$ cat input35.txt   # compact mmCIF, N, CA and C atoms and all ligand atoms
# COMPACT_ATOMS: atom_id res chain seq x y z
N MET A 1 86.24 147.06 101.37
CA MET A 1 87.55 146.45 101.10
C MET A 1 87.93 146.66 99.63
N ASN A 2 89.07 147.30 99.41
CA ASN A 2 89.47 147.50 98.01
C ASN A 2 90.12 146.23 97.44
N LYS A 3 90.40 146.28 96.15
CA LYS A 3 90.90 145.07 95.48
C LYS A 3 92.27 144.61 95.99
N ILE A 4 93.13 145.59 96.29
CA ILE A 4 94.48 145.24 96.77
C ILE A 4 94.39 144.51 98.11
N THR A 5 93.56 145.05 99.00
CA THR A 5 93.41 144.44 100.32
C THR A 5 92.86 143.02 100.18
N LEU A 6 91.88 142.88 99.30
CA LEU A 6 91.28 141.57 99.07
C LEU A 6 92.33 140.59 98.55
N LEU A 7 93.12 141.05 97.60
CA LEU A 7 94.16 140.21 97.00
C LEU A 7 95.18 139.78 98.06
N LEU A 8 95.60 140.73 98.89
CA LEU A 8 96.58 140.42 99.95
C LEU A 8 96.00 139.42 100.95
N THR A 9 94.72 139.59 101.27
CA THR A 9 94.07 138.68 102.21
C THR A 9 94.05 137.26 101.64
N ILE A 10 93.73 137.15 100.36
CA ILE A 10 93.71 135.84 99.70
C ILE A 10 95.11 135.23 99.70
N LEU A 11 96.11 136.01 99.33
CA LEU A 11 97.49 135.52 99.29
C LEU A 11 97.95 135.04 100.67
N PHE A 12 97.59 135.81 101.69
CA PHE A 12 97.97 135.47 103.06
C PHE A 12 97.34 134.15 103.48
N THR A 13 96.05 134.00 103.18
CA THR A 13 95.32 132.78 103.53
C THR A 13 95.92 131.57 102.82
N VAL A 14 96.22 131.73 101.53
CA VAL A 14 96.80 130.63 100.74
C VAL A 14 98.16 130.24 101.32
N SER A 15 98.97 131.23 101.71
CA SER A 15 100.30 130.93 102.23
C SER A 15 100.22 130.19 103.57
N ILE A 16 99.19 130.48 104.36
CA ILE A 16 99.02 129.75 105.63
C ILE A 16 98.69 128.28 105.35
N PHE A 17 97.80 128.05 104.41
CA PHE A 17 97.46 126.67 104.04
C PHE A 17 98.66 125.94 103.48
N ALA A 18 99.45 126.61 102.66
CA ALA A 18 100.64 126.01 102.07
C ALA A 18 101.63 125.65 103.18
N GLY A 19 101.75 126.53 104.17
CA GLY A 19 102.64 126.27 105.30
C GLY A 19 102.23 125.04 106.08
N ASN A 20 100.94 124.87 106.29
CA ASN A 20 100.44 123.70 107.00
C ASN A 20 100.69 122.42 106.22
N ALA A 21 100.49 122.49 104.92
CA ALA A 21 100.72 121.32 104.07
C ALA A 21 102.18 120.89 104.16
N GLU A 22 103.06 121.89 104.24
CA GLU A 22 104.50 121.64 104.36
C GLU A 22 104.82 120.83 105.63
N SER A 23 104.32 121.30 106.75
CA SER A 23 104.66 120.64 108.02
C SER A 23 103.98 119.28 108.16
N ALA A 24 102.90 119.05 107.43
CA ALA A 24 102.18 117.78 107.51
C ALA A 24 102.92 116.68 106.76
N LYS A 25 104.03 117.02 106.13
CA LYS A 25 104.77 116.02 105.37
C LYS A 25 105.68 115.15 106.22
N ILE A 26 105.83 115.50 107.50
CA ILE A 26 106.63 114.66 108.39
C ILE A 26 105.74 113.53 108.89
N ARG A 27 106.15 112.32 108.61
CA ARG A 27 105.34 111.16 109.01
C ARG A 27 106.11 110.24 109.95
N THR A 28 105.37 109.56 110.81
CA THR A 28 105.97 108.57 111.70
C THR A 28 105.34 107.22 111.36
N LYS A 29 106.19 106.22 111.12
CA LYS A 29 105.69 104.89 110.80
C LYS A 29 106.40 103.85 111.63
N VAL A 30 105.66 102.81 111.99
CA VAL A 30 106.25 101.68 112.71
C VAL A 30 106.32 100.52 111.72
N ILE A 31 107.52 100.03 111.48
CA ILE A 31 107.72 98.96 110.50
C ILE A 31 108.05 97.66 111.24
N PRO A 32 107.19 96.65 111.15
CA PRO A 32 107.53 95.36 111.76
C PRO A 32 108.81 94.82 111.11
N THR A 33 109.79 94.45 111.93
CA THR A 33 111.09 94.03 111.41
C THR A 33 111.56 92.79 112.15
N TYR A 34 111.93 91.77 111.38
CA TYR A 34 112.33 90.50 111.98
C TYR A 34 113.80 90.20 111.71
N GLY A 35 114.39 89.45 112.63
CA GLY A 35 115.78 89.03 112.46
C GLY A 35 116.77 89.77 113.34
N MET A 36 116.28 90.74 114.13
CA MET A 36 117.17 91.43 115.07
C MET A 36 117.26 90.58 116.35
N HIS A 37 118.51 90.44 116.87
CA HIS A 37 118.70 89.61 118.06
C HIS A 37 119.27 90.38 119.25
N CYS A 38 119.82 91.57 119.00
CA CYS A 38 120.46 92.30 120.08
C CYS A 38 120.54 93.80 119.74
N SER A 39 121.14 94.56 120.65
CA SER A 39 121.24 96.00 120.40
C SER A 39 122.19 96.30 119.24
N GLY A 40 123.10 95.37 118.96
CA GLY A 40 124.01 95.54 117.81
C GLY A 40 123.22 95.56 116.51
N CYS A 41 122.22 94.69 116.43
CA CYS A 41 121.36 94.64 115.25
C CYS A 41 120.59 95.97 115.12
N GLU A 42 120.12 96.46 116.25
CA GLU A 42 119.38 97.73 116.25
C GLU A 42 120.26 98.84 115.69
N GLU A 43 121.52 98.87 116.16
CA GLU A 43 122.45 99.91 115.71
C GLU A 43 122.74 99.80 114.22
N THR A 44 122.84 98.58 113.73
CA THR A 44 123.10 98.36 112.30
C THR A 44 121.98 98.95 111.46
N ILE A 45 120.75 98.63 111.83
CA ILE A 45 119.59 99.13 111.09
C ILE A 45 119.49 100.65 111.19
N GLU A 46 119.66 101.16 112.40
CA GLU A 46 119.57 102.61 112.60
C GLU A 46 120.62 103.35 111.77
N ALA A 47 121.84 102.81 111.74
CA ALA A 47 122.92 103.46 110.98
C ALA A 47 122.60 103.47 109.48
N GLU A 48 122.04 102.37 108.97
CA GLU A 48 121.68 102.29 107.54
C GLU A 48 120.58 103.28 107.19
N ILE A 49 119.56 103.35 108.01
CA ILE A 49 118.42 104.22 107.72
C ILE A 49 118.81 105.70 107.85
N LYS A 50 119.69 106.01 108.81
CA LYS A 50 120.12 107.40 109.00
C LYS A 50 120.87 107.96 107.79
N LYS A 51 121.41 107.05 106.96
CA LYS A 51 122.14 107.49 105.76
C LYS A 51 121.20 108.10 104.72
N ILE A 52 119.92 107.76 104.80
CA ILE A 52 118.95 108.21 103.80
C ILE A 52 118.57 109.67 104.07
N GLU A 53 118.55 110.47 103.02
CA GLU A 53 118.16 111.87 103.16
C GLU A 53 116.67 111.97 103.48
N GLY A 54 116.31 112.82 104.43
CA GLY A 54 114.91 113.03 104.77
C GLY A 54 114.47 112.30 106.02
N ILE A 55 115.39 111.50 106.61
CA ILE A 55 115.07 110.79 107.85
C ILE A 55 115.25 111.76 109.02
N LYS A 56 114.20 111.89 109.84
CA LYS A 56 114.26 112.79 110.99
C LYS A 56 114.76 112.04 112.22
N SER A 57 114.27 110.82 112.41
CA SER A 57 114.76 110.00 113.51
C SER A 57 114.42 108.54 113.23
N VAL A 58 115.18 107.65 113.87
CA VAL A 58 114.90 106.22 113.71
C VAL A 58 115.24 105.50 115.00
N LYS A 59 114.35 104.57 115.39
CA LYS A 59 114.59 103.78 116.59
C LYS A 59 114.24 102.34 116.29
N ALA A 60 115.25 101.47 116.36
CA ALA A 60 115.01 100.05 116.15
C ALA A 60 114.84 99.38 117.51
N ASP A 61 113.95 98.40 117.57
CA ASP A 61 113.63 97.73 118.84
C ASP A 61 113.57 96.23 118.58
N HIS A 62 114.64 95.51 119.00
CA HIS A 62 114.70 94.07 118.69
C HIS A 62 113.76 93.25 119.56
N VAL A 63 113.43 93.77 120.76
CA VAL A 63 112.53 93.04 121.67
C VAL A 63 111.11 93.01 121.09
N ASN A 64 110.65 94.15 120.63
CA ASN A 64 109.29 94.24 120.09
C ASN A 64 109.24 94.09 118.57
N LYS A 65 110.40 93.77 117.98
CA LYS A 65 110.50 93.49 116.54
C LYS A 65 109.89 94.59 115.68
N LYS A 66 110.40 95.79 115.87
CA LYS A 66 109.88 96.90 115.07
C LYS A 66 110.93 98.01 114.92
N VAL A 67 110.74 98.79 113.88
CA VAL A 67 111.58 99.97 113.65
C VAL A 67 110.62 101.15 113.51
N THR A 68 110.82 102.16 114.35
CA THR A 68 109.98 103.36 114.27
C THR A 68 110.78 104.44 113.57
N VAL A 69 110.21 104.96 112.51
CA VAL A 69 110.93 105.96 111.73
C VAL A 69 110.08 107.21 111.52
N LYS A 70 110.75 108.35 111.66
CA LYS A 70 110.10 109.64 111.41
C LYS A 70 110.80 110.23 110.20
N TYR A 71 110.03 110.56 109.16
CA TYR A 71 110.67 110.99 107.92
C TYR A 71 109.86 112.06 107.20
N ASP A 72 110.58 112.76 106.33
CA ASP A 72 109.95 113.79 105.50
C ASP A 72 109.48 113.14 104.21
N ASP A 73 108.19 113.07 104.08
CA ASP A 73 107.59 112.31 102.99
C ASP A 73 107.77 112.98 101.63
N LYS A 74 108.32 114.20 101.63
CA LYS A 74 108.63 114.84 100.34
C LYS A 74 110.02 114.42 99.85
N LYS A 75 110.84 113.90 100.79
CA LYS A 75 112.21 113.55 100.44
C LYS A 75 112.46 112.05 100.35
N VAL A 76 111.67 111.28 101.08
CA VAL A 76 111.91 109.84 101.11
C VAL A 76 110.59 109.08 101.22
N THR A 77 110.54 107.91 100.59
CA THR A 77 109.33 107.10 100.66
C THR A 77 109.52 105.99 101.70
N LEU A 78 108.41 105.47 102.19
CA LEU A 78 108.46 104.36 103.14
C LEU A 78 109.13 103.15 102.48
N GLU A 79 108.89 102.98 101.19
CA GLU A 79 109.50 101.87 100.45
C GLU A 79 111.02 101.90 100.52
N LYS A 80 111.56 103.10 100.44
CA LYS A 80 113.03 103.25 100.48
C LYS A 80 113.56 102.85 101.86
N VAL A 81 112.82 103.20 102.90
CA VAL A 81 113.22 102.84 104.27
C VAL A 81 113.17 101.32 104.43
N LYS A 82 112.09 100.73 103.92
CA LYS A 82 111.94 99.27 104.01
C LYS A 82 113.07 98.56 103.26
N GLN A 83 113.42 99.10 102.11
CA GLN A 83 114.50 98.50 101.32
C GLN A 83 115.83 98.57 102.08
N ALA A 84 116.05 99.65 102.82
CA ALA A 84 117.28 99.80 103.61
C ALA A 84 117.35 98.72 104.70
N ILE A 85 116.20 98.39 105.26
CA ILE A 85 116.15 97.33 106.30
C ILE A 85 116.51 95.99 105.67
N ILE A 86 115.95 95.73 104.49
CA ILE A 86 116.25 94.48 103.77
C ILE A 86 117.73 94.43 103.39
N ASP A 87 118.24 95.55 102.87
CA ASP A 87 119.65 95.62 102.47
C ASP A 87 120.60 95.41 103.65
N ALA A 88 120.14 95.79 104.85
CA ALA A 88 120.96 95.61 106.05
C ALA A 88 120.96 94.16 106.51
N GLY A 89 120.09 93.34 105.88
CA GLY A 89 120.07 91.90 106.18
C GLY A 89 118.92 91.46 107.07
N TYR A 90 117.89 92.28 107.19
CA TYR A 90 116.76 91.94 108.04
C TYR A 90 115.48 91.78 107.21
N LYS A 91 114.43 91.28 107.87
CA LYS A 91 113.21 90.95 107.14
C LYS A 91 112.01 91.74 107.61
N LEU A 92 111.07 91.93 106.69
CA LEU A 92 109.84 92.67 107.02
C LEU A 92 108.69 91.73 107.38
N THR A 93 108.90 90.45 107.10
CA THR A 93 107.88 89.46 107.47
C THR A 93 108.56 88.32 108.21
N GLU A 94 107.80 87.58 109.00
CA GLU A 94 108.37 86.49 109.79
C GLU A 94 108.80 85.32 108.93
CU CU A 101 122.32 91.46 116.97
$ encode --input "input35.txt" --output "structure tokens" --more "lines below"
Ligand SMILES: [Cu+2]
Amino acid sequence: MNKITLLLTILFTVSIFAGNAESAKIRTKVIPTYGMHCSGCEETIEAEIKKIEGIKSVKADHVNKKVTVKYDDKKVTLEKVKQAIIDAGYKLTE
């Protein structure tokens, strides 16, 4: 194996690892959320969270008192999502 081939092999391997690290940045979290009473509340929370850049999907569930969010962790933090829930008028603790 000559030096060029070796170098290309290394570059190729590194780019595959970098690609995997990229896709691993999408996270799914379930946030316990209190104060929702109906589907209207769910829609309010979902609409607020969808405004944030980096949100892939959001599902609020007033029956089970939780919000499930899928987000790009390079663009948005879980803290920001939680703050949006609070700003919408709901609580993270009972
Ligand atoms: Cu409601």
$ residues_around --input "input35.txt" --residues "A:Lys59" --least-positions-apart "2" --cutoff "6 Å" --atoms "all atoms listed in the file" --output "VMD selection string"
chain A and resid 57 61 66 to 69
$ residues_around --input "input35.txt" --residues "A:Lys25" --least-positions-apart "5" --cutoff "8 Å" --atoms "only N, CA and C atoms" --output "PyMOL selection string"
chain A and resi 20+71-75
$ atom_distance --input "input35.txt" --atom1 "atom N of A:Glu48" --atom2 "atom N of A:Thr77"
15.3 Å
$ closest_residue --input "input35.txt" --among "A:His37, A:Lys50, A:Lys56, A:Lys3" --to "A:Lys70" --atoms "only C-alpha atoms"
A:Lys56
$ closest_atom_pairs --input "input35.txt" --of "chain A" --to "ligand CU 101 (chain A)" --cutoff "8 Å" --atoms "only C-alpha atoms and all ligand atoms" --output "tab-separated table"
residue	atom	partner	partner_atom	distance
A:Met36	CA	A:CU101	CU	5.5
A:His37	CA	A:CU101	CU	4.2
A:Cys38	CA	A:CU101	CU	3.7
A:Ser39	CA	A:CU101	CU	5.8
A:Gly40	CA	A:CU101	CU	4.5
A:Cys41	CA	A:CU101	CU	3.7
A:Glu42	CA	A:CU101	CU	7.0
$ atom_distance --input "input35.txt" --atom1 "atom CA of A:Ala47" --atom2 "atom CA of A:Ile26"
19.9 Å
$ atom_distance --input "input35.txt" --atom1 "atom CA of A:Lys65" --atom2 "atom CA of A:Thr33"
5.2 Å
$ closest_residue --input "input35.txt" --among "A:Ile55, A:Val63, A:Ile49, A:Leu78" --to "A:Val30" --atoms "only C-alpha atoms"
A:Leu78
$ axis_aligned_box --input "input35.txt" --around "stretch 63-76 of chain A" --padding-each-side "3 Å" --output "lines of an AutoDock Vina configuration file"
center_x = 110.5
center_y = 103.9
center_z = 110.8
size_x = 11.8
size_y = 27.8
size_z = 27.8
$ closest_residue --input "input35.txt" --among "A:Ile52, A:Tyr34, A:Thr28, A:Ile45" --to "A:Lys80" --atoms "only N, CA and C atoms"
A:Ile52
$ closest_residue --input "input35.txt" --among "A:Thr44, A:His62, A:Gly54, A:Ala88" --to "A:Val76" --atoms "only C-alpha atoms"
A:Gly54
$ closest_residue --input "input35.txt" --among "A:Glu79, A:Lys29, A:Asn2, A:Gly35" --to "A:Thr93" --atoms "only C-alpha atoms"
A:Gly35
$ decode --input "input35.txt" --residues "stretch 57-94 of chain A" --atoms "N, CA and C atoms" --output "mmCIF file, in the first residue's frame"
data_model
loop_
_atom_site.group_PDB
_atom_site.id
_atom_site.type_symbol
_atom_site.label_atom_id
_atom_site.label_comp_id
_atom_site.auth_asym_id
_atom_site.auth_seq_id
_atom_site.Cartn_x
_atom_site.Cartn_y
_atom_site.Cartn_z
ATOM 1 N N SER A 57 -39.730 16.736 15.887
ATOM 2 C CA SER A 57 -41.141 16.442 16.118
ATOM 3 C C SER A 57 -41.462 16.649 17.586
ATOM 4 N N VAL A 58 -42.746 16.889 17.863
ATOM 5 C CA VAL A 58 -43.170 17.049 19.254
ATOM 6 C C VAL A 58 -44.580 16.504 19.405
ATOM 7 N N LYS A 59 -44.794 15.775 20.520
ATOM 8 C CA LYS A 59 -46.118 15.235 20.803
ATOM 9 C C LYS A 59 -46.408 15.447 22.276
ATOM 10 N N ALA A 60 -47.436 16.251 22.544
ATOM 11 C CA ALA A 60 -47.852 16.470 23.929
ATOM 12 C C ALA A 60 -48.994 15.513 24.249
ATOM 13 N N ASP A 61 -49.012 15.020 25.480
ATOM 14 C CA ASP A 61 -50.001 14.023 25.902
ATOM 15 C C ASP A 61 -50.520 14.422 27.282
ATOM 16 N N HIS A 62 -51.747 14.997 27.312
ATOM 17 C CA HIS A 62 -52.266 15.491 28.601
ATOM 18 C C HIS A 62 -52.718 14.366 29.518
ATOM 19 N N VAL A 63 -53.099 13.216 28.933
ATOM 20 C CA VAL A 63 -53.554 12.079 29.749
ATOM 21 C C VAL A 63 -52.385 11.503 30.555
ATOM 22 N N ASN A 64 -51.271 11.310 29.887
ATOM 23 C CA ASN A 64 -50.101 10.727 30.554
ATOM 24 C C ASN A 64 -49.118 11.780 31.074
ATOM 25 N N LYS A 65 -49.526 13.051 30.961
ATOM 26 C CA LYS A 65 -48.748 14.174 31.505
ATOM 27 C C LYS A 65 -47.294 14.161 31.046
ATOM 28 N N LYS A 66 -47.128 14.179 29.729
ATOM 29 C CA LYS A 66 -45.767 14.190 29.204
ATOM 30 C C LYS A 66 -45.712 14.839 27.817
ATOM 31 N N VAL A 67 -44.528 15.302 27.478
ATOM 32 C CA VAL A 67 -44.276 15.842 26.145
ATOM 33 C C VAL A 67 -43.079 15.068 25.593
ATOM 34 N N THR A 68 -43.270 14.456 24.434
ATOM 35 C CA THR A 68 -42.174 13.720 23.794
ATOM 36 C C THR A 68 -41.626 14.580 22.670
ATOM 37 N N VAL A 69 -40.342 14.836 22.736
ATOM 38 C CA VAL A 69 -39.740 15.717 21.740
ATOM 39 C C VAL A 69 -38.522 15.059 21.095
ATOM 40 N N LYS A 70 -38.435 15.232 19.783
ATOM 41 C CA LYS A 70 -37.292 14.733 19.026
ATOM 42 C C LYS A 70 -36.577 15.966 18.490
ATOM 43 N N TYR A 71 -35.287 16.104 18.810
ATOM 44 C CA TYR A 71 -34.600 17.338 18.445
ATOM 45 C C TYR A 71 -33.147 17.100 18.061
ATOM 46 N N ASP A 72 -32.624 18.083 17.344
ATOM 47 C CA ASP A 72 -31.216 18.057 16.938
ATOM 48 C C ASP A 72 -30.403 18.735 18.023
ATOM 49 N N ASP A 73 -29.624 17.940 18.697
ATOM 50 C CA ASP A 73 -28.917 18.412 19.877
ATOM 51 C C ASP A 73 -27.774 19.375 19.547
ATOM 52 N N LYS A 74 -27.495 19.554 18.252
ATOM 53 C CA LYS A 74 -26.496 20.566 17.871
ATOM 54 C C LYS A 74 -27.150 21.940 17.718
ATOM 55 N N LYS A 75 -28.485 21.941 17.577
ATOM 56 C CA LYS A 75 -29.187 23.202 17.340
ATOM 57 C C LYS A 75 -29.981 23.689 18.538
ATOM 58 N N VAL A 76 -30.412 22.759 19.382
ATOM 59 C CA VAL A 76 -31.261 23.152 20.507
ATOM 60 C C VAL A 76 -30.957 22.286 21.728
ATOM 61 N N THR A 77 -31.062 22.888 22.905
ATOM 62 C CA THR A 77 -30.829 22.132 24.135
ATOM 63 C C THR A 77 -32.173 21.734 24.748
ATOM 64 N N LEU A 78 -32.133 20.709 25.580
ATOM 65 C CA LEU A 78 -33.338 20.268 26.286
ATOM 66 C C LEU A 78 -33.843 21.399 27.185
ATOM 67 N N GLU A 79 -32.922 22.160 27.744
ATOM 68 C CA GLU A 79 -33.297 23.290 28.606
ATOM 69 C C GLU A 79 -34.182 24.294 27.872
ATOM 70 N N LYS A 80 -33.852 24.526 26.615
ATOM 71 C CA LYS A 80 -34.631 25.485 25.821
ATOM 72 C C LYS A 80 -36.053 24.965 25.594
ATOM 73 N N VAL A 81 -36.169 23.664 25.373
ATOM 74 C CA VAL A 81 -37.486 23.044 25.178
ATOM 75 C C VAL A 81 -38.297 23.154 26.467
ATOM 76 N N LYS A 82 -37.641 22.863 27.586
ATOM 77 C CA LYS A 82 -38.318 22.943 28.886
ATOM 78 C C LYS A 82 -38.786 24.373 29.172
ATOM 79 N N GLN A 83 -37.943 25.332 28.818
ATOM 80 C CA GLN A 83 -38.303 26.730 29.036
ATOM 81 C C GLN A 83 -39.528 27.110 28.196
ATOM 82 N N ALA A 84 -39.631 26.568 26.992
ATOM 83 C CA ALA A 84 -40.787 26.847 26.120
ATOM 84 C C ALA A 84 -42.073 26.318 26.754
ATOM 85 N N ILE A 85 -41.972 25.180 27.424
ATOM 86 C CA ILE A 85 -43.145 24.601 28.112
ATOM 87 C C ILE A 85 -43.576 25.521 29.253
ATOM 88 N N ILE A 86 -42.589 25.998 30.012
ATOM 89 C CA ILE A 86 -42.868 26.921 31.124
ATOM 90 C C ILE A 86 -43.464 28.226 30.586
ATOM 91 N N ASP A 87 -42.870 28.751 29.520
ATOM 92 C CA ASP A 87 -43.346 30.002 28.924
ATOM 93 C C ASP A 87 -44.776 29.869 28.390
ATOM 94 N N ALA A 88 -45.147 28.648 27.985
ATOM 95 C CA ALA A 88 -46.502 28.419 27.478
ATOM 96 C C ALA A 88 -47.509 28.339 28.624
ATOM 97 N N GLY A 89 -46.996 28.314 29.866
ATOM 98 C CA GLY A 89 -47.875 28.330 31.041
ATOM 99 C C GLY A 89 -48.046 26.993 31.728
ATOM 100 N N TYR A 90 -47.155 26.050 31.451
ATOM 101 C CA TYR A 90 -47.260 24.729 32.058
ATOM 102 C C TYR A 90 -46.061 24.447 32.971
ATOM 103 N N LYS A 91 -46.161 23.339 33.709
ATOM 104 C CA LYS A 91 -45.141 23.056 34.722
ATOM 105 C C LYS A 91 -44.410 21.758 34.463
ATOM 106 N N LEU A 92 -43.168 21.709 34.947
ATOM 107 C CA LEU A 92 -42.349 20.503 34.783
ATOM 108 C C LEU A 92 -42.397 19.608 36.028
ATOM 109 N N THR A 93 -42.944 20.168 37.107
ATOM 110 C CA THR A 93 -43.094 19.377 38.321
ATOM 111 C C THR A 93 -44.528 19.524 38.820
ATOM 112 N N GLU A 94 -44.988 18.572 39.609
ATOM 113 C CA GLU A 94 -46.366 18.597 40.102
ATOM 114 C C GLU A 94 -46.591 19.693 41.125
#
